[in-house]
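Right, one structure below, let's go through it.
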Amino acid sequence: MKQIFIFLLILVFGPTVQAQEKSSFSYFDFNYFRGNIALHNKNILHLIVGHPEGFILGWNKKTFGDEAWQQGYNYPDYGVSLSYQNLKNKTLGNNVGIYAHYNFYFLRRHLMLRVGQGLAYNSNPYDKYNNYKNTAFGTTILSSTYFMLNYKKERVFDKFGVQAGATLIHYSNANVKAPNASINSIVFNVGLTYNLDQEDPEYNYVEQHKVTEPIKYNIAFRAGINESDIIGMGQFPFYVVSAYADKRLSRKSAVQFGGDFFFSKFLNELIAYNVAAFPERGTDPDADYKRAGLFLGHELFINKMSVITQLGYYVYYPFDFEGRTYMRLGLKRYFGEKWFGAVTLKSHGAKAECVEFGIGVRL
């Protein structure tokens, strides 16, 4: 574990340290945290035995309005961060995470909201022989998200500043492999900041012009692997074809409407399992594993990235699995004016079904 941590530290922050002699307008921050695991699922009750603690180390690049989108979001920071968390339970093990993040500012830049998304390494995932009690993590590599809300004051003493607040840290493998009860930690943090430059330049202010576009039409293809909640049933591929229209409302946002067609092979296996194991449920052995849905969505544009949120309803639903409504949340990255890639989480309420990796075109 120590060797992995040192390697990630060098990988993430090494190039930045070499560039400190130049004016980078960036800073480091270090936050120690301690708190509690939230009981979001009764299946993890036996795993909550202590108060998890750890730290988050970040490198942050400041923006000053060199690009139009920066002013629209009140000159956010962007960067990378590294976390270590002791979950205070030998069954759960420890987590090391690496993230890309944005810092958004409010209240004269004293209130900071950080949103980080990345991957985490768990030291002790589920094993049916040696660690069968770990119902939270079925894999060593997890998807992880954290939200940090801090009161922050830079340059309190020379280049050093202080910050403190609360953080929510989420770990899950999004049902890539069962089990996947996941863990949410609610912690309080306190930390220091260190600016690499003596002082910051002035912010650039430019007149913001309204963005207008006609209705755009999108086609996306998504795929991945996942497993049902039945441990040991096996991982199977899934495919999603989506077609939707969007209308840009402003420089920041657009609304969406469209449809999804789902081809989820794990449902085929789950149908056969229910027929054999629970005949009293009356599951149709010939039930179709495919589904189709309609959705409404919103897209929030941040430079070449965007955040998508969608709420859908299955209009073709031959087999009952977690209800007829579904949600999708994720990130898109545009390559030029038309093409994009996306990573999204599809869920039914708080229960994840899969992580989707997609490509698409906006016409």
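Just remember, in the structure tokens the first chain shown is A, the second B, etc., residues are 1-based per chain, and ligands are 1-based in the order shown.
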
* Find the residues around Phe319 (chain A) up to 10 Å (only C-alpha atoms counted), leave out those fewer than 5 positions away in its own chain, and share them as a list of chain:residue names. =>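 My list of contacting residues is A:Leu267, A:Asn268, A:Leu270, A:Ile271, A:Thr283, A:Asp284, A:Asp286, A:Ala287, A:Asp288, A:Tyr289, A:Lys290, A:Arg291, A:Arg324.
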
* List every residue of region 52-286 of chain A that DSSP, applied to the backbone of this structure, assigns to strand (DSSP E), and report them as a PyMOL selection string. => chain A and resi 53-61+77-86+94-106+111-122+141-157+160-172+183-195+216-226+236-248+253-264

* In region 54-114 of chain A, what's alpha helix (DSSP H) per DSSP? Answer as a ChimeraX atom specification? -> /A:68-72

* To do: Do a neighbour search on region 84-95 of chain A at 9 Å with only C-alpha atoms, toss out local chain neighbours closer than 4 positions, and write the hits as a ChimeraX atom specification.
  => /A:1,5,33,37,47-57,120-126,131-137,171,185

Any chance you can output those residues with C-alpha atoms as a tab-separated table (two decimals), in the first residue's frame?
chain	number	residue	atom	x	y	z
A	1	MET	CA	0.00	0.00	0.00
A	5	PHE	CA	0.72	5.67	-2.53
A	33	PHE	CA	-10.55	14.63	7.55
A	37	ILE	CA	-19.89	6.20	7.24
A	47	LEU	CA	-19.31	-2.66	8.44
A	48	ILE	CA	-19.80	0.60	10.34
A	49	VAL	CA	-17.59	0.16	13.39
A	50	GLY	CA	-15.43	3.29	13.58
A	51	HIS	CA	-14.81	6.83	12.39
A	52	PRO	CA	-12.94	6.87	9.07
A	53	GLU	CA	-10.09	9.32	8.69
A	54	GLY	CA	-7.57	10.28	6.06
A	55	PHE	CA	-6.36	13.14	3.91
A	56	ILE	CA	-6.79	14.77	0.51
A	57	LEU	CA	-3.79	16.38	-1.19
A	120	ALA	CA	-9.92	4.47	-6.10
A	121	TYR	CA	-7.95	1.38	-5.09
A	122	ASN	CA	-9.37	-0.77	-2.29
A	123	SER	CA	-6.95	-2.97	-0.35
A	124	ASN	CA	-9.44	-5.68	0.74
A	125	PRO	CA	-12.41	-6.29	-1.62
A	126	TYR	CA	-14.95	-9.10	-1.34
A	131	ASN	CA	-13.46	-11.76	2.97
A	132	TYR	CA	-17.11	-12.67	2.47
A	133	LYS	CA	-18.33	-9.97	4.88
A	134	ASN	CA	-17.27	-7.12	2.59
A	135	THR	CA	-20.59	-6.52	0.83
A	136	ALA	CA	-19.59	-2.94	-0.05
A	137	PHE	CA	-16.77	-3.51	-2.55
A	171	TYR	CA	-17.00	4.70	-3.47
A	185	SER	CA	-18.43	8.86	4.11

Could you produce a table of the residues of region 145-256 of chain A lying within 9 Å of region 22-32 of chain A, with the nearest pair of atoms per residue and their separation in Å rounded to one decimal, using only C-alpha atoms, ordered by chain and increasing residue number, as a tab-separated table?
residue	atom	partner	partner_atom	distance
A:Gly161	CA	A:Asp29	CA	8.9
A:Val162	CA	A:Asp29	CA	8.9
A:Gln163	CA	A:Asn31	CA	8.2
A:Ala164	CA	A:Asn31	CA	8.0
A:Phe188	CA	A:Tyr32	CA	8.3
A:Asn189	CA	A:Tyr32	CA	5.4
A:Val190	CA	A:Asn31	CA	5.4
A:Gly191	CA	A:Asn31	CA	4.0
A:Leu192	CA	A:Phe30	CA	5.5
A:Thr193	CA	A:Asp29	CA	4.2
A:Tyr194	CA	A:Phe28	CA	5.2
A:Asn195	CA	A:Tyr27	CA	4.2
A:Leu196	CA	A:Tyr27	CA	5.4
A:Asp197	CA	A:Phe25	CA	6.0
A:Glu199	CA	A:Phe25	CA	8.3
A:Asp200	CA	A:Phe25	CA	6.6
A:Pro201	CA	A:Phe25	CA	8.4

Please produce a file of those selected residues containing all heavy atoms, as a compact mmCIF listing (two decimals), in the first residue's frame.
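Okay, again17.txt is ready:
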# COMPACT_ATOMS: atom_id res chain seq x y z
N GLY A 161 -2.32 29.61 3.53
CA GLY A 161 -3.69 29.94 3.89
C GLY A 161 -4.34 28.79 4.63
O GLY A 161 -3.73 27.73 4.86
N VAL A 162 -5.61 28.97 5.02
CA VAL A 162 -6.33 27.96 5.78
C VAL A 162 -7.68 27.70 5.13
O VAL A 162 -8.23 28.55 4.41
CB VAL A 162 -6.53 28.38 7.26
CG1 VAL A 162 -5.19 28.50 7.97
CG2 VAL A 162 -7.29 29.70 7.34
N GLN A 163 -8.23 26.52 5.38
CA GLN A 163 -9.57 26.18 4.92
C GLN A 163 -10.13 25.10 5.82
O GLN A 163 -9.39 24.30 6.41
CB GLN A 163 -9.57 25.75 3.47
CG GLN A 163 -8.73 24.53 3.14
CD GLN A 163 -8.68 24.26 1.65
OE1 GLN A 163 -8.84 25.15 0.83
NE2 GLN A 163 -8.45 23.01 1.29
N ALA A 164 -11.46 25.04 5.90
CA ALA A 164 -12.13 24.03 6.72
C ALA A 164 -13.56 23.87 6.24
O ALA A 164 -14.15 24.80 5.69
CB ALA A 164 -12.10 24.41 8.21
N PHE A 188 -15.62 15.74 8.30
CA PHE A 188 -15.24 17.14 8.47
C PHE A 188 -13.74 17.25 8.22
O PHE A 188 -12.97 16.38 8.64
CB PHE A 188 -15.61 17.63 9.87
CG PHE A 188 -17.08 17.66 10.11
CD1 PHE A 188 -17.72 16.61 10.75
CD2 PHE A 188 -17.85 18.75 9.69
CE1 PHE A 188 -19.09 16.61 10.95
CE2 PHE A 188 -19.22 18.76 9.89
CZ PHE A 188 -19.84 17.70 10.53
N ASN A 189 -13.36 18.34 7.53
CA ASN A 189 -11.95 18.47 7.16
C ASN A 189 -11.41 19.83 7.57
O ASN A 189 -12.14 20.83 7.66
CB ASN A 189 -11.78 18.27 5.66
CG ASN A 189 -12.52 19.29 4.83
OD1 ASN A 189 -13.72 19.13 4.56
ND2 ASN A 189 -11.84 20.36 4.44
N VAL A 190 -10.11 19.88 7.79
CA VAL A 190 -9.40 21.12 8.07
C VAL A 190 -8.08 21.05 7.33
O VAL A 190 -7.47 19.97 7.24
CB VAL A 190 -9.20 21.34 9.58
CG1 VAL A 190 -8.40 20.20 10.20
CG2 VAL A 190 -8.53 22.68 9.86
N GLY A 191 -7.61 22.16 6.76
CA GLY A 191 -6.41 22.06 5.96
C GLY A 191 -5.69 23.37 5.74
O GLY A 191 -6.10 24.44 6.23
N LEU A 192 -4.61 23.28 4.99
CA LEU A 192 -3.75 24.40 4.63
C LEU A 192 -3.66 24.53 3.12
O LEU A 192 -3.79 23.54 2.39
CB LEU A 192 -2.34 24.20 5.20
CG LEU A 192 -2.17 24.16 6.72
CD1 LEU A 192 -0.73 23.77 7.06
CD2 LEU A 192 -2.52 25.51 7.33
N THR A 193 -3.43 25.75 2.65
CA THR A 193 -3.13 26.00 1.24
C THR A 193 -1.76 26.65 1.14
O THR A 193 -1.31 27.34 2.06
CB THR A 193 -4.18 26.93 0.60
OG1 THR A 193 -4.08 28.24 1.18
CG2 THR A 193 -5.59 26.39 0.81
N TYR A 194 -1.10 26.41 0.00
CA TYR A 194 0.20 27.03 -0.24
C TYR A 194 0.27 27.47 -1.70
O TYR A 194 0.26 26.65 -2.61
CB TYR A 194 1.34 26.05 0.06
CG TYR A 194 2.72 26.63 -0.21
CD1 TYR A 194 3.29 27.53 0.67
CD2 TYR A 194 3.41 26.30 -1.38
CE1 TYR A 194 4.53 28.08 0.43
CE2 TYR A 194 4.66 26.84 -1.63
CZ TYR A 194 5.22 27.74 -0.73
OH TYR A 194 6.45 28.29 -0.99
N ASN A 195 0.35 28.78 -1.91
CA ASN A 195 0.44 29.34 -3.26
C ASN A 195 1.87 29.27 -3.77
O ASN A 195 2.83 29.55 -3.02
CB ASN A 195 -0.03 30.79 -3.27
CG ASN A 195 -1.54 30.92 -3.28
OD1 ASN A 195 -2.16 30.91 -4.35
ND2 ASN A 195 -2.14 31.00 -2.11
N LEU A 196 2.02 28.92 -5.02
CA LEU A 196 3.35 28.81 -5.62
C LEU A 196 3.88 30.15 -6.13
O LEU A 196 5.07 30.27 -6.43
CB LEU A 196 3.32 27.81 -6.78
CG LEU A 196 2.91 26.37 -6.41
CD1 LEU A 196 2.95 25.48 -7.63
CD2 LEU A 196 3.80 25.82 -5.30
N ASP A 197 3.00 31.16 -6.23
CA ASP A 197 3.41 32.47 -6.69
C ASP A 197 3.21 33.50 -5.58
O ASP A 197 2.35 33.34 -4.70
CB ASP A 197 2.60 32.88 -7.92
CG ASP A 197 2.77 31.88 -9.06
OD1 ASP A 197 3.83 31.88 -9.69
OD2 ASP A 197 1.83 31.09 -9.28
N GLU A 199 2.04 36.58 -5.79
CA GLU A 199 0.74 37.23 -5.88
C GLU A 199 0.06 36.83 -7.19
O GLU A 199 0.72 36.34 -8.12
CB GLU A 199 0.88 38.75 -5.81
CG GLU A 199 1.74 39.34 -6.89
CD GLU A 199 1.89 40.85 -6.75
OE1 GLU A 199 1.63 41.38 -5.66
OE2 GLU A 199 2.26 41.48 -7.74
N ASP A 200 -1.25 37.05 -7.25
CA ASP A 200 -2.04 36.67 -8.42
C ASP A 200 -2.28 37.89 -9.31
O ASP A 200 -2.33 39.03 -8.82
CB ASP A 200 -3.39 36.10 -7.99
CG ASP A 200 -3.25 34.78 -7.24
OD1 ASP A 200 -2.27 34.07 -7.51
OD2 ASP A 200 -4.12 34.48 -6.41
N PRO A 201 -2.48 37.68 -10.63
CA PRO A 201 -2.81 38.79 -11.52
C PRO A 201 -4.26 39.23 -11.35
O PRO A 201 -5.04 38.60 -10.63
CB PRO A 201 -2.55 38.20 -12.90
CG PRO A 201 -2.83 36.74 -12.74
CD PRO A 201 -2.35 36.40 -11.34

* To do: Find the residues around Leu249 (chain A) up to 9 Å (only C-alpha atoms counted), leave out those fewer than 6 positions away in its own chain, and share them as a ChimeraX atom specification.
  => /A:211-213,255

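Each of A:His298, A:Lys304, A:Lys62, A:Lys351 was checked against Ser172 (chain A) using only C-alpha atoms; the smallest atom-to-atom distance is that of A:Lys351.
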
* Asked: Nearest to Leu294 (chain A) among A:Ala243, A:Leu331, A:Val96, A:Val343, with distances taken over only C-alpha atoms: which residue is it?
  ->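 Of the candidates, the smallest distance to Leu294 (chain A) is held by A:Ala243.
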